[in-house]
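S.K.: So here's protein.cif (mmCIF, C-alpha atoms).
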data_input
#
loop_
_atom_site.label_atom_id
_atom_site.label_comp_id
_atom_site.auth_asym_id
_atom_site.auth_seq_id
_atom_site.Cartn_x
_atom_site.Cartn_y
_atom_site.Cartn_z
CA MET U 5 0.00 0.00 0.00
CA PRO U 6 1.42 3.48 -0.85
CA ARG U 7 2.70 5.58 2.02
CA LEU U 8 2.57 9.37 2.19
CA LEU U 9 5.10 11.59 3.98
CA ALA U 10 4.32 14.60 6.16
CA LEU U 11 7.22 17.10 6.38
CA ALA U 12 7.96 19.40 9.31
CA PHE U 13 10.82 21.88 9.68
CA LEU U 14 12.06 22.77 12.80
CA ALA U 15 13.78 -0.16 29.98
CA ALA U 16 13.16 -3.07 30.84
CA GLY U 17 15.83 -5.28 32.50
CA LEU U 18 18.75 -6.15 30.24
CA SER U 19 20.84 -9.28 29.88
CA HIS U 20 24.59 -8.85 30.19
CA GLY U 21 27.44 -10.82 28.68
CA ALA U 22 27.20 -13.72 26.21
CA ILE U 23 27.80 -11.46 23.20
CA PHE U 24 31.59 -11.38 22.73
CA PRO U 25 33.46 -14.65 22.15
CA ASP U 26 36.58 -15.67 24.07
CA LYS U 27 38.75 -14.79 21.09
CA ILE U 28 38.52 -12.48 18.07
CA GLY U 29 41.38 -13.53 15.84
CA PRO U 30 44.59 -13.35 17.94
CA PHE U 31 42.92 -11.15 20.57
CA GLU U 32 41.88 -12.85 23.80
CA LYS U 33 39.00 -11.63 25.94
CA HIS U 34 39.37 -10.49 29.54
CA PRO U 35 36.44 -10.92 31.98
CA PRO U 36 33.47 -8.69 31.01
CA LYS U 37 33.16 -5.35 32.80
CA ALA U 38 30.15 -3.96 34.64
CA PHE U 39 28.46 -1.70 32.12
CA THR U 40 25.44 0.59 32.26
CA ALA U 41 23.78 1.56 29.00
CA PRO U 42 23.70 5.34 28.42
CA ASP U 43 20.29 7.02 28.21
CA ARG U 44 18.30 3.94 29.15
CA ASP U 45 14.98 5.59 28.23
CA LEU U 46 16.10 6.28 24.67
CA TYR U 47 17.81 2.93 24.20
CA GLY U 48 14.79 1.19 25.71
CA GLU U 49 12.55 2.85 23.14
CA TYR U 50 14.92 1.64 20.42
CA GLY U 51 14.52 -1.93 21.74
CA LEU U 52 17.76 -2.58 23.64
CA ASP U 53 17.83 -6.06 25.16
CA ALA U 54 21.51 -6.86 25.91
CA THR U 55 24.86 -5.17 26.48
CA GLU U 56 28.44 -6.23 27.08
CA GLN U 57 31.81 -4.56 27.46
CA ALA U 58 35.19 -6.30 27.54
CA ASP U 59 38.91 -5.78 26.92
CA TYR U 60 40.84 -7.84 24.38
CA THR U 61 44.62 -8.20 24.19
CA SER U 62 47.13 -9.87 21.89
CA ALA U 63 50.89 -9.72 21.39
CA SER U 64 50.37 -6.83 18.96
CA GLY U 65 48.00 -4.63 20.95
CA LYS U 66 44.72 -4.29 22.81
CA PHE U 67 41.27 -2.81 22.42
CA ASN U 68 38.13 -2.17 24.43
CA ALA U 69 34.88 -3.45 22.89
CA THR U 70 31.32 -2.45 23.74
CA ALA U 71 28.21 -4.06 22.29
CA TRP U 72 24.54 -3.14 22.35
CA ARG U 73 22.00 -5.65 20.99
CA PHE U 74 18.54 -4.45 19.91
CA ARG U 75 15.41 -6.32 18.96
CA ASP U 76 15.80 -5.41 15.29
CA SER U 77 18.07 -3.70 12.79
CA THR U 78 16.03 -0.48 12.83
CA GLY U 79 16.71 -0.04 16.55
CA ALA U 80 20.42 -0.62 15.99
CA MET U 81 20.47 1.88 13.12
CA ALA U 82 18.74 4.48 15.31
CA ALA U 83 21.21 3.92 18.15
CA PHE U 84 24.14 4.09 15.72
CA GLN U 85 22.96 7.48 14.50
CA SER U 86 22.60 8.76 18.05
CA ARG U 87 26.10 7.60 19.10
CA ARG U 88 28.10 9.20 16.29
CA PRO U 89 30.07 12.24 17.48
CA PRO U 90 29.94 15.35 15.26
CA GLY U 91 33.51 14.85 14.03
CA ALA U 92 33.13 11.19 13.01
CA THR U 93 34.17 10.29 9.46
CA PRO U 94 32.66 7.60 7.21
CA GLU U 95 34.24 4.15 7.37
CA LYS U 96 33.77 1.19 5.01
CA LEU U 97 33.71 -1.45 7.72
CA THR U 98 29.94 -2.04 7.38
CA LYS U 99 27.06 -0.16 5.76
CA LEU U 100 26.72 1.84 8.99
CA SER U 101 30.19 2.61 10.31
CA VAL U 102 32.30 5.63 11.25
CA ARG U 103 35.78 6.32 12.53
CA THR U 104 36.14 8.41 15.69
CA SER U 105 39.11 10.02 17.43
CA ASP U 106 39.80 6.84 19.42
CA GLY U 107 38.34 4.00 17.36
CA THR U 108 35.23 2.99 15.44
CA ILE U 109 31.47 2.79 15.87
CA PHE U 110 29.56 0.45 13.59
CA ALA U 111 26.27 -1.41 13.28
CA PHE U 112 25.82 -4.96 12.03
CA GLY U 113 22.26 -6.26 11.88
CA ASN U 114 20.62 -5.60 15.26
CA TYR U 115 23.97 -4.87 16.96
CA VAL U 116 25.93 -1.67 17.55
CA PHE U 117 29.63 -1.94 18.40
CA GLN U 118 32.19 0.55 19.62
CA PHE U 119 35.86 -0.49 19.50
CA ALA U 120 38.61 1.70 20.97
CA GLY U 121 42.29 0.95 20.48
CA ALA U 122 43.69 -1.70 18.14
CA PHE U 123 41.33 -3.26 15.61
CA PRO U 124 40.84 -6.88 14.47
CA ALA U 125 41.42 -7.89 10.87
CA GLN U 126 38.35 -7.93 8.62
CA SER U 127 38.63 -11.70 8.19
CA ASP U 128 38.50 -12.14 11.98
CA LEU U 129 35.47 -9.84 12.19
CA ASP U 130 33.70 -11.89 9.51
CA VAL U 131 34.07 -14.96 11.74
CA PHE U 132 32.96 -12.93 14.76
CA TYR U 133 29.74 -11.90 12.99
CA THR U 134 28.79 -15.53 12.41
CA GLN U 135 29.00 -16.18 16.17
CA LEU U 136 26.68 -13.38 17.26
CA PRO U 137 23.70 -14.70 19.27
CA LYS U 138 20.18 -13.66 18.26
CA LEU U 139 21.45 -11.90 15.13
CA GLU U 140 18.68 -10.19 13.12
CA GLN U 141 19.37 -8.66 9.70
CA SER U 142 16.10 -7.27 8.40
CA SER U 143 16.11 -4.47 5.84
CA LEU U 144 16.64 -0.95 7.12
CA PRO U 145 13.76 1.53 6.71
CA ALA U 146 13.81 3.37 3.38
CA LEU U 147 12.91 6.54 5.27
CA MET U 148 16.53 6.98 6.39
CA SER U 149 17.54 7.58 2.76
CA TYR U 150 14.92 10.25 2.00
CA LEU U 151 16.83 13.22 3.44
CA PRO U 152 18.29 15.60 0.83
CA GLN U 153 22.08 15.76 0.95
CA GLU U 154 22.65 19.41 0.05
CA GLY U 155 23.41 21.40 3.20
CA LEU U 156 23.13 18.36 5.47
CA VAL U 157 25.16 18.73 8.67
CA ALA U 158 27.38 15.66 8.91
CA ASN U 159 26.30 13.09 11.52
CA SER U 160 23.20 15.10 12.49
CA GLU U 161 20.67 12.46 11.38
CA ARG U 162 18.50 11.05 14.18
CA TYR U 163 15.79 8.40 13.90
CA ILE U 164 12.56 8.87 15.85
CA VAL U 165 10.28 5.97 16.80
CA GLY U 166 8.39 7.26 19.85
CA PRO U 167 7.93 10.08 22.39
CA VAL U 168 11.37 9.69 24.00
CA SER U 169 13.36 10.08 20.78
CA LEU U 170 10.99 12.86 19.68
CA GLN U 171 11.72 14.76 22.89
CA ARG U 172 15.47 14.23 22.46
CA PHE U 173 15.71 15.29 18.84
CA GLU U 174 12.70 17.46 17.94
CA PRO U 175 10.96 18.63 21.13
CA ARG U 176 9.02 21.36 19.32
CA ILE U 177 6.69 18.68 17.94
CA PRO U 178 4.22 17.31 20.54
CA PRO U 179 3.85 13.50 20.68
CA SER U 180 0.09 13.96 20.23
CA VAL U 181 0.77 15.53 16.81
CA ALA U 182 3.30 12.88 15.77
CA ALA U 183 0.74 10.19 16.77
CA PHE U 184 3.03 7.22 17.32
CA HIS U 185 -0.01 5.06 18.02
CA LEU U 186 -0.48 5.17 14.24
CA SER U 187 2.90 3.43 13.78
CA ALA U 188 4.62 6.67 12.81
CA GLU U 189 8.39 6.84 12.42
CA ALA U 190 10.53 9.82 11.50
CA GLN U 191 13.98 10.75 10.25
CA SER U 192 15.36 14.08 11.41
CA ALA U 193 18.49 16.05 10.55
CA ARG U 194 19.99 19.53 10.70
CA TYR U 195 20.88 21.69 7.70
CA THR U 196 22.77 24.86 6.91
CA SER U 197 21.24 27.34 4.48
CA PRO U 198 21.75 30.97 3.37
CA LYS U 199 18.93 31.92 5.76
CA GLY U 200 20.46 30.12 8.73
CA ASP U 201 20.32 26.68 10.30
CA LEU U 202 17.13 24.64 10.11
CA ALA U 203 15.83 21.21 11.09
CA LEU U 204 14.04 18.88 8.70
CA THR U 205 11.97 15.97 9.99
CA ILE U 206 10.24 13.50 7.67
CA PHE U 207 7.35 11.57 9.22
CA ASN U 208 6.15 8.34 7.65
CA TYR U 209 2.65 6.91 8.18
CA PRO U 210 1.14 3.59 7.06
CA THR U 211 -1.46 5.16 4.74
CA PRO U 212 -1.89 8.38 2.73
CA ASN U 213 -5.08 9.21 4.67
CA MET U 214 -3.22 9.09 7.99
CA ALA U 215 -0.53 11.42 6.63
CA ARG U 216 -3.10 13.90 5.32
CA GLU U 217 -4.90 13.93 8.67
CA ARG U 218 -1.62 14.48 10.54
CA LEU U 219 -0.62 17.29 8.17
CA THR U 220 -3.52 19.37 9.48
CA GLU U 221 -2.17 19.01 13.02
CA PHE U 222 1.45 19.75 12.02
CA GLU U 223 0.30 23.00 10.39
CA LYS U 224 -0.98 24.23 13.77
CA ILE U 225 2.56 24.26 15.29
CA SER U 226 4.06 27.75 15.40
CA GLY U 227 7.18 28.19 13.27
CA VAL U 228 6.68 25.02 11.26
CA LEU U 229 6.40 24.75 7.50
#
Re-express the file's structure as structure tokens.
M.R.:
Amino acid sequence: MPRLLALAFLAAGLSHGAIFPDKIGPFEKHPPKAFTAPDRDLYGEYGLDATEQADYTSASGKFNATAWRFRDSTGAMAAFQSRRPPGATPEKLTKLSVRTSDGTIFAFGNYVFQFAGAFPAQSDLDVFYTQLPKLEQSSLPALMSYLPQEGLVANSERYIVGPVSLQRFEPRIPPSVAAFHLSAEAQSARYTSPKGDLALTIFNYPTPNMARERLTEFEKISGVL
């Protein structure tokens, strides 16, 4: 069924451990560390269900690895977007991966990883991926690709799936207007323009009629086009 877009300018308990294997290539795992997920409300809305953090060492170096597992790939993509620092640069490790000042952040299926320090060989990572428990690799939402690229502020994209992420990334829009009970999702980003900075949020609804009805409510928000 066709979907229509409305445009607007502007946790439960977790399981720990049992994500990282004892070895990744020549790197051997130390005992997992106690780890608290940042922004539990946001990550809970994205569907976080497990975390783990551990150090790995080998004769050639060491690295710290952190993993977040989500219920599906969309949740992992949303968390990946939210974790990227402004200065991150694109990396070719996976479809969703960036290099940071001290390592890498990347998503694979329903997992998000952050490695700091040395880095395993790609062949060792390929083996690691096959060992991931509860791996889910559904298609990512097409909505994430709908943002125009001209003027886009690098790493400013944020995915919105409910009232928590809406409050974090576009608080000028009330949850009652977004109407998440209608299965709404949104992709937001910041832009530079000759008239100053602006925010663009694209909301996606299951049917054209829902989008047209929501458009009437969006138009009532002051300062929104």
S.K.: Taking only C-alpha atoms into account, which of U:Glu154, U:Asp106, U:Asp45, U:Glu189 comes nearest U:Phe67?
M.R.: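 The answer is U:Asp106, which sits nearest to U:Phe67.
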S.K.: Rank nothing, just name the residue among U:Ser77, U:Thr211, U:Ser62, U:Thr55 nearest to U:Leu144, using all atoms listed in the file.
M.R.: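 Nearest candidate to U:Leu144 out of U:Ser77, U:Thr211, U:Ser62, U:Thr55: U:Ser77.
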S.K.: With a distance cut-off of 12 Å and all atoms listed in the file, select the neighbouring residues of U:Thr98, excluding the residue or stretch itself and same-chain residues fewer than 6 positions from it, and output the selection as a VMD selection string.
M.R.: chain U and resid 81 84 108 to 113 115 to 117 126 129 to 130 133
S.K.: Restricting it to C-alpha atoms, dump the selection as a PDB file, in the coordinates of the input.
M.R.:
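Saved the output as selection38.pdb:
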ATOM      1  CA  MET U  81      20.470   1.880  13.120  1.00  0.00           C
ATOM      2  CA  PHE U  84      24.140   4.090  15.720  1.00  0.00           C
ATOM      3  CA  THR U 108      35.230   2.990  15.440  1.00  0.00           C
ATOM      4  CA  ILE U 109      31.470   2.790  15.870  1.00  0.00           C
ATOM      5  CA  PHE U 110      29.560   0.450  13.590  1.00  0.00           C
ATOM      6  CA  ALA U 111      26.270  -1.410  13.280  1.00  0.00           C
ATOM      7  CA  PHE U 112      25.820  -4.960  12.030  1.00  0.00           C
ATOM      8  CA  GLY U 113      22.260  -6.260  11.880  1.00  0.00           C
ATOM      9  CA  TYR U 115      23.970  -4.870  16.960  1.00  0.00           C
ATOM     10  CA  VAL U 116      25.930  -1.670  17.550  1.00  0.00           C
ATOM     11  CA  PHE U 117      29.630  -1.940  18.400  1.00  0.00           C
ATOM     12  CA  GLN U 126      38.350  -7.930   8.620  1.00  0.00           C
ATOM     13  CA  LEU U 129      35.470  -9.840  12.190  1.00  0.00           C
ATOM     14  CA  ASP U 130      33.700 -11.890   9.510  1.00  0.00           C
ATOM     15  CA  TYR U 133      29.740 -11.900  12.990  1.00  0.00           C
TER      16      TYR U 133
END
S.K.: Put a box with edges along x, y and z around all the listed atoms of stretch 84-100 of chain U, pad it by 4 Å on each side, then give me its centre and sizes in Å, one decimal, as lines of an AutoDock Vina configuration file.
M.R.:
center_x = 28.4
center_y = 6.7
center_z = 12.1
size_x = 19.6
size_y = 25.4
size_z = 22.1
S.K.: Taking only C-alpha atoms into account, which of U:Pro42, U:Ala83, U:Gly48, U:Phe119 comes nearest U:Asn68?
M.R.: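 Among the listed residues, U:Phe119 lies closest to U:Asn68.
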S.K.: Could you list, as a PyMOL selection string, every residue matched by the PyMOL selection byres ((chain U and resi 33) around 6) in this structure?
M.R.: chain U and resi 26-27+32+34+59-60
S.K.: Could you check the closest approach to U:Leu46 for each of U:Thr104, U:Gln171, U:Thr134, U:Asn208 and tell me which residue wins, using only C-alpha atoms?
M.R.: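 Going through U:Thr104, U:Gln171, U:Thr134, U:Asn208 one by one, the smallest distance to U:Leu46 is for U:Gln171.
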S.K.: Extract, using all atoms listed in the file, all DNA, RNA and protein residues at most 8 Å from U:Ile28, discarding same-chain residues fewer than 6 positions from it, and format them as a list in words.
M.R.: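 In the requested format, the answer is Pro124, Asp128, Leu129 and Phe132 of chain U.
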S.K.: Find the distance between atom CA of U:Phe74 and atom CA of U:Val168 and write it in Å to one decimal.
M.R.: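 Rounded to one decimal, the two atoms are 16.4 Å apart.
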S.K.: Quick one: pull the distance between atom CA of U:Val131 and atom CA of U:Ile23, Å, one decimal.
M.R.: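 It comes out at 13.5 Å.
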S.K.: Enumerate, as a list in words, the residues matched when the PyMOL selection byres ((chain U and resi 222) around 9) is run on the file above.
M.R.: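 When the PyMOL selection byres ((chain U and resi 222) around 9) is applied, the selected residues are Ala10, Leu11, Ala12, Ile177, Val181, Ala182, Arg218, Leu219, Thr220, Glu221, Glu223, Lys224, Ile225, Val228 and Leu229 of chain U.
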S.K.: From the list U:Ser105, U:Thr205, U:Asn114, U:Thr93, which residue is nearest U:Glu140 when using only C-alpha atoms?
M.R.: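 Smallest distance to U:Glu140 is found for U:Asn114.
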S.K.: With all atoms listed in the file counted, which protein, DNA or RNA residues have an atom no more than 7 Å from (26.6, 14.3, 16.4) in the file frame? Please answer as a PyMOL selection string.
M.R.: chain U and resi 88-90+159-160
S.K.: Between atom CA of U:Gly29 and atom CA of U:Gly121, what distance in Å does the model show, to one decimal?
M.R.: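 Distance between the two atoms: 15.2 Å.
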S.K.: Give as number ranges by chain each residue that has an atom at most 6 Å from (15.6, 13.7, 10.8) in the file, counting only C-alpha atoms.
M.R.: U: 161-162, 191-193, 204-205
S.K.: Which residues are close to U:Leu186, i.e. within 9 Å by all atoms listed in the file, leaving aside same-chain residues fewer than 4 positions away? Reply as a list in words.
M.R.: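 The neighbour list is Ala182, Tyr209, Pro210 and Met214 of chain U.
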S.K.: Compare U:Pro167, U:Ser143, U:Gln85, U:Arg176 by their minimum atom-to-atom distance to U:Val102, counting only C-alpha atoms, and give me the closest one.
M.R.: U:Gln85
S.K.: Need to verify the contact set: U:Ala58, 6 Å, only C-alpha atoms, exclusion of same-chain residues closer than 2 positions in sequence. Can you return it as a list in words?
M.R.: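 Result of the neighbour search: Pro36, Lys37, Asn68 and Ala69 of chain U.
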S.K.: Assuming the chain letters and numbering stay as they are in my file, what does the PyMOL selection byres ((chain U and resi 63) around 10) actually select? List them as a list in words.
M.R.: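 Expected selection for the PyMOL selection byres ((chain U and resi 63) around 10) here is Pro30, Phe31, Glu32, Thr61, Ser62, Ser64, Gly65 and Lys66 of chain U.
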S.K.: Name all residues at most 8 Å from U:Leu147 (count only C-alpha atoms; drop same-chain ones fewer than 2 positions away) and give them as a list in words.
M.R.: Pro145, Ser149, Tyr150, Leu151, Ala190, Gln191, Ile206 and Asn208 of chain U
S.K.: Provide stretch 179-200 of chain U rebuilt to N, CA, C and O atoms, formatted as a short mmCIF file (atom, residue, chain, number, x, y, z; two decimals), keeping the file's coordinate frame.
M.R.:
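Okay, this is what ended up in part.cif:
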data_model
loop_
_atom_site.label_atom_id
_atom_site.label_comp_id
_atom_site.auth_asym_id
_atom_site.auth_seq_id
_atom_site.Cartn_x
_atom_site.Cartn_y
_atom_site.Cartn_z
N PRO U 179 4.13 14.90 21.02
CA PRO U 179 3.85 13.50 20.68
C PRO U 179 2.43 13.30 20.17
O PRO U 179 2.19 12.42 19.33
N SER U 180 1.48 14.11 20.68
CA SER U 180 0.09 13.96 20.23
C SER U 180 -0.06 14.30 18.75
O SER U 180 -0.94 13.76 18.06
N VAL U 181 0.80 15.19 18.24
CA VAL U 181 0.77 15.53 16.81
C VAL U 181 1.46 14.44 15.99
O VAL U 181 0.97 14.02 14.95
N ALA U 182 2.59 13.95 16.49
CA ALA U 182 3.30 12.88 15.77
C ALA U 182 2.46 11.61 15.70
O ALA U 182 2.50 10.89 14.70
N ALA U 183 1.68 11.33 16.75
CA ALA U 183 0.74 10.19 16.77
C ALA U 183 1.44 8.86 16.52
O ALA U 183 1.19 8.16 15.54
N PHE U 184 2.30 8.48 17.46
CA PHE U 184 3.03 7.22 17.32
C PHE U 184 2.12 6.00 17.43
O PHE U 184 2.50 4.91 17.01
N HIS U 185 0.92 6.18 17.97
CA HIS U 185 -0.01 5.06 18.02
C HIS U 185 -0.48 4.66 16.63
O HIS U 185 -1.06 3.58 16.45
N LEU U 186 -0.18 5.50 15.63
CA LEU U 186 -0.48 5.17 14.24
C LEU U 186 0.70 4.52 13.54
O LEU U 186 0.72 4.45 12.31
N SER U 187 1.69 4.06 14.31
CA SER U 187 2.90 3.43 13.78
C SER U 187 3.77 4.42 13.00
O SER U 187 4.44 4.05 12.02
N ALA U 188 3.78 5.65 13.45
CA ALA U 188 4.62 6.67 12.81
C ALA U 188 6.09 6.44 13.16
O ALA U 188 6.43 5.99 14.25
N GLU U 189 6.95 6.75 12.21
CA GLU U 189 8.39 6.84 12.42
C GLU U 189 8.88 8.08 11.70
O GLU U 189 8.21 8.58 10.78
N ALA U 190 10.05 8.60 12.11
CA ALA U 190 10.53 9.82 11.50
C ALA U 190 12.05 9.82 11.41
O ALA U 190 12.73 9.21 12.23
N GLN U 191 12.55 10.52 10.40
CA GLN U 191 13.98 10.75 10.25
C GLN U 191 14.21 12.24 10.31
O GLN U 191 13.60 13.00 9.56
N SER U 192 15.10 12.66 11.21
CA SER U 192 15.36 14.08 11.41
C SER U 192 16.82 14.39 11.15
O SER U 192 17.69 13.52 11.29
N ALA U 193 17.11 15.62 10.76
CA ALA U 193 18.49 16.05 10.55
C ALA U 193 18.55 17.57 10.58
O ALA U 193 17.53 18.26 10.48
N ARG U 194 19.77 18.09 10.72
CA ARG U 194 19.99 19.53 10.70
C ARG U 194 20.66 19.93 9.39
O ARG U 194 21.43 19.17 8.81
N TYR U 195 20.36 21.17 8.96
CA TYR U 195 20.88 21.69 7.70
C TYR U 195 21.40 23.11 7.87
O TYR U 195 20.94 23.85 8.75
N THR U 196 22.34 23.47 7.02
CA THR U 196 22.77 24.86 6.91
C THR U 196 22.17 25.42 5.62
O THR U 196 22.03 24.70 4.62
N SER U 197 21.80 26.70 5.66
CA SER U 197 21.24 27.34 4.48
C SER U 197 21.61 28.82 4.52
O SER U 197 22.03 29.34 5.56
N PRO U 198 21.46 29.53 3.39
CA PRO U 198 21.75 30.97 3.37
C PRO U 198 20.93 31.76 4.39
O PRO U 198 21.34 32.83 4.83
N LYS U 199 19.79 31.23 4.79
CA LYS U 199 18.93 31.92 5.76
C LYS U 199 19.16 31.44 7.19
O LYS U 199 18.43 31.83 8.10
N GLY U 200 20.17 30.60 7.39
CA GLY U 200 20.46 30.12 8.73
C GLY U 200 20.23 28.62 8.86
O GLY U 200 19.81 27.94 7.92
#
